[in-house]
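Heads up: the structure comes next, in structure tokens.
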Amino acid sequence: MHINASAVLQKNITLVFHHQINNKELVLGDSVTAPSGETITIERFKYYVSNFSVTDTKGKTIRLKDAYFLVDESEPESKKINLSLPDMTIHSINFLLGVDSIRNVSGIQTGALDPLKGMFWTWNSGYIMAKMEGVSEKVQQPGHRFTYHIGGFRHGINTARMITLTLPQNNQTPDQIFIVANLNQWFKSVHTISIAKTPVCHTPGALAMQFADNYGTMFSITPIQ
Amino acid sequence: MRPAKYICSLVILIVTCVGWITIDNRYFRPRPVKFIVPKGWPQPAYDFSKNPLTEEGIALGKQLFYDTRLSRDGNFSCGTCHQQFSAFATYDHPLSHGIDNAQTTRNAPGLFNLAWQKEFMWDGGINHLDLQPLAPITAENEMGETIENVIGKLRADKEYRKLFKAAFGDEFINTQRMGKAISQFVLQLVSSNSKYDKVMRGEASFILPEQLGYDIFKKKCVSCHTEPMFTDYSYRNTGITLDPFLKDMGRMKITGNPKDSLAFKVPSLRNVAMSFPYGHDGRFFSLMNVFEHYRKNMVVNAHTDSLLSKRMALSNFEIGQLTAFLYTLTDSVFLKDPRFAAPGFENNGKPPMDIHQ
């Protein structure tokens with residue numbers, strides 16, 4: 001349904017993303033033990049979020065203004081996203097992890113979606129929805145590097161995932177919502193994925209879908225920090 | 001006659017003023033260009049409403065197309081491998097040459113009638129014309145550059161800031177504007193003035209071998225090389241074998257579907273006489289090699305296109321007539337059109353002189 005934004009009172013909130021592995025804040029370049037028992041060093045971690053909407057306690061969903069954000073662990077400011085919400089009691093906040101198919105087929109986009117951000121495949125048009133790169137000793141690849149560029153937007157191989165996060169119910173929408181992305185979920189949740197066995201994912205397809213199913217479960221809302 | 005003189009002066013004054021206003025507008029507003037669809041052709045696939053053609057946009061696109069600074073070492077432009085005298089393919093090269101003595105992995109296709117094409121590359125991996133230049137720019141064996149660096153170089157250049165302002169209203173330069181400008185130029189590359197086109201328009205007539213060749217073509221070739229584009233833009237396995245070095249699986253690389261193994265886009269046959277070698281990796285040096293492939297050398301297997309399951313019967317006589325017909329698809333107006341020529345080559349449009357002769 002269409003709601004005239006100017007007719008609804010707006011409330012500005014900030015989503016603050018925290019990236020955690022083994023329940024500790026992710027630090028790029030630090031060695032940690034992955035859920036598979038493998039020692040890994042994550043060097044890059046970024047993903048798109050878009051298509052925000054909010055659902056009130058009666059189940060009515062209102063789409064927010066079209067916006068696309070690239071959350072990048074190496075850029076702290078990118079981990080804070082300002083949104084303008086209708087001033088109502090919000091039951092849950094919904095967003096797409098990734099980029100919708102329309103923006104994958106409409107030529108060159110701008111802003112966060114500019115292909116120069118390195119999150120776009122030039123040889124097989126489409127966005128990389130999420131990217132994780134790093135090093136693990138057991139990986140039989142140059143420099144022991146694992147590279148996960150997860151993308152694909154077509155039916156059957158769509159790696160964008162709809163995320164719904166329910167807010168703690170205290171009849172008040174906070175100014176800040178803290179969202180944790182738990183990286184352990186990438187390797188052990190819906191599917192169990194061994195880094196040593198599958199160190200590279202650079203194309204849409206079955207493996208990318210497994211990662212997508214997994215990262216679709218990585219977000220949760222934490223109590224205010 | 002005084003009133004006549006008065007009216008006359010007034011008219012001259014108005015014409016001069018209007019002239020000045022028009023000149024002023026030329027500096028401040030891009031001049032729209034209408035895209036002309038040749039008579040009897042289908043409507044283009046490209047959405048011009050998202051990228052309205054203007055003289056300034058086309059001029060900027062041409063500048064970018066021929067600018068070698070778009071490559072990492074400053075040696076390669078789009079026009080390096082897409083040469084006008086070869087219908088914007090690479091003349092006489094199975095694979096083109098890229099940065100640092102690299103070879104590309106596929107035969108550079110000719111660039112023309114792109115407004116009618118929905119997917120690009122031999123495997124159709126690119127889904128929008130504006131995105132196409134990003135692939136060769138970033139390919140390590142082609143122009144070897146990053147998009148970020150290219151945009152940085154353009155932003156640092158005063159001349160480009162002026163050209164972007166003329167085309168888009170302000171000096172802002174980003175990937176989208178660069179892509180749109182290059183599209184505006186390459187969309188102009190319409191090839192519709194071959195002898196075949198003139199015959200279809202009733203302005204010329206085929207000589208006997210050409211007419212016989214056209215009749216054979218309509219029987220044996222036209223189901224894939226559909227008129228008037230001379231391709232149906234489908235991907236087909238024509239019984240080629242896998243090159244052990246390139247290991248190029250074609251369309252399967254994009255779809256992941258084994259049915260698309262070794263399937264490549266049906267190329268247009270327009271200007272075919274000028275764009276040898278042929279095939280996705282340039283493995284066929286001459287038209288004769290292509291005919292020999294279809295009648296003798298094809299390897300038919302489960303993935304081979306059903307229209308070619310029994311290869312293609314072609315007599316020597318038929319090959320001769322077909323060749324005569326295919327030569328009528330050469331559009332010499334297009335090949336020499338000064339609007340498309342590299343800066344400095346507008347007046348000849350001919351291949352460089354062969355110094356070895």
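Each chain of the structure tokens is named A, B, ... in the order shown, its residues numbered from 1; ligands are numbered from 1 in display order.
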Find the residues of chain A in contact range of chain B, meaning any atom within 8 Å when counting only C-alpha atoms, and list them as a CSV table (one decimal) with C-alpha atoms, in the first residue's frame.
```
chain,number,residue,atom,x,y,z
A,105,VAL,CA,19.1,-6.0,-14.7
A,106,SER,CA,18.8,-2.2,-15.1
A,107,GLY,CA,22.2,-1.2,-16.3
A,108,ILE,CA,24.8,0.7,-14.2
A,109,GLN,CA,23.5,1.9,-10.8
A,110,THR,CA,24.9,4.7,-8.6
A,114,ASP,CA,28.1,1.7,-8.3
A,115,PRO,CA,30.1,-1.2,-9.8
A,116,LEU,CA,33.3,0.6,-8.8
A,117,LYS,CA,32.6,-0.6,-5.2
A,122,THR,CA,31.3,-7.5,-14.9
A,123,TRP,CA,31.5,-10.8,-16.9
A,124,ASN,CA,28.2,-12.2,-15.6
A,125,SER,CA,26.1,-9.2,-14.8
A,205,GLY,CA,24.8,-21.7,-8.2
```
Counting only C-alpha atoms, which residues of stretch 139-203 of chain A fall within 12 Å of stretch 43-65 of chain A, and what is the closest atom pair for each with its distance in Å at one decimal, ordered by chain and rising number, as CSV?
```
residue,atom,partner,partner_atom,distance
A:Arg145,CA,A:Glu43,CA,9.9
A:Phe146,CA,A:Glu43,CA,10.0
A:Thr147,CA,A:Arg44,CA,9.2
A:Tyr148,CA,A:Phe45,CA,9.6
A:His149,CA,A:Tyr47,CA,9.8
A:Ile150,CA,A:Tyr47,CA,9.3
A:Gly151,CA,A:Tyr47,CA,10.5
A:Thr159,CA,A:Tyr48,CA,11.4
A:Ala160,CA,A:Tyr48,CA,9.1
A:Arg161,CA,A:Val49,CA,9.6
A:Met162,CA,A:Asn51,CA,9.0
A:Ile163,CA,A:Phe52,CA,9.5
A:Thr164,CA,A:Val54,CA,9.1
A:Leu165,CA,A:Val54,CA,9.6
A:Thr166,CA,A:Thr55,CA,9.2
A:Leu167,CA,A:Thr55,CA,10.2
A:Pro168,CA,A:Thr57,CA,11.9
A:Gln169,CA,A:Thr57,CA,9.6
A:Asn170,CA,A:Thr57,CA,11.5
A:Asn171,CA,A:Thr57,CA,9.4
A:Gln172,CA,A:Asp56,CA,11.4
A:Thr173,CA,A:Asp56,CA,10.7
A:Ala181,CA,A:Tyr47,CA,10.8
A:Asn182,CA,A:Phe45,CA,11.9
A:Leu183,CA,A:Phe45,CA,9.5
A:Trp186,CA,A:Phe45,CA,11.7
```
- request: Return the single residue from B:Ile12, B:Val186, B:Met274, B:Ala342 that is closest to B:Asp92, with distances computed using only C-alpha atoms.
  value: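 That would be B:Met274, the residue with the smallest distance to B:Asp92.
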task: Considering only C-alpha atoms, return as a PyMOL selection string whatever protein or nucleic-acid residues lie within 6 Å of B:Arg236, sequence-local ones (same chain, fewer than 6 positions apart) excluded.
output: chain B and resi 263-264+305
task: Using atom CA of B:Glu145 and atom CA of B:Leu70 as the two end points, give the distance in Å to one decimal.
output: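 Going from atom CA of B:Glu145 over to atom CA of B:Leu70, I get 7.2 Å.
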field: Spatial neighbours of A:Lys11, max dist 12 Å, only C-alpha atoms, sep filter under 6 positions, as an NGL selection string
entry: :A and (5 or 64 or 82-90 or 172-176)
task: Excluding B:Gly61 and any residue of its chain fewer than 6 positions from it, enumerate the residues within 7 Å of it, using only C-alpha atoms, and give them as a list in words.
output: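 Answer for this query is Ala181, Ile182, Ser183, Gln184 and Phe185 of chain B.
Contact shell of A:Ile81 at 8 Å (only C-alpha atoms; same-chain neighbours under 3 positions omitted): Thr14, Leu15, Val16, Phe69 and Ser78 of chain A.
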Would you save the residues of that selection, restricted to N, CA and C atoms, as an mmCIF file, in the first residue's frame?
```
data_model
loop_
_atom_site.group_PDB
_atom_site.id
_atom_site.type_symbol
_atom_site.label_atom_id
_atom_site.label_comp_id
_atom_site.auth_asym_id
_atom_site.auth_seq_id
_atom_site.Cartn_x
_atom_site.Cartn_y
_atom_site.Cartn_z
ATOM 1 N N THR A 14 18.767 4.702 14.138
ATOM 2 C CA THR A 14 20.035 4.222 13.578
ATOM 3 C C THR A 14 20.145 2.721 13.816
ATOM 4 N N LEU A 15 20.408 2.022 12.749
ATOM 5 C CA LEU A 15 20.728 0.599 12.897
ATOM 6 C C LEU A 15 22.242 0.498 13.039
ATOM 7 N N VAL A 16 22.687 -0.166 14.098
ATOM 8 C CA VAL A 16 24.128 -0.320 14.322
ATOM 9 C C VAL A 16 24.464 -1.799 14.161
ATOM 10 N N PHE A 69 22.490 0.044 0.957
ATOM 11 C CA PHE A 69 23.669 0.316 1.776
ATOM 12 C C PHE A 69 24.654 -0.835 1.630
ATOM 13 N N SER A 78 30.128 2.764 7.791
ATOM 14 C CA SER A 78 29.151 2.036 6.973
ATOM 15 C C SER A 78 28.317 1.084 7.828
#
```
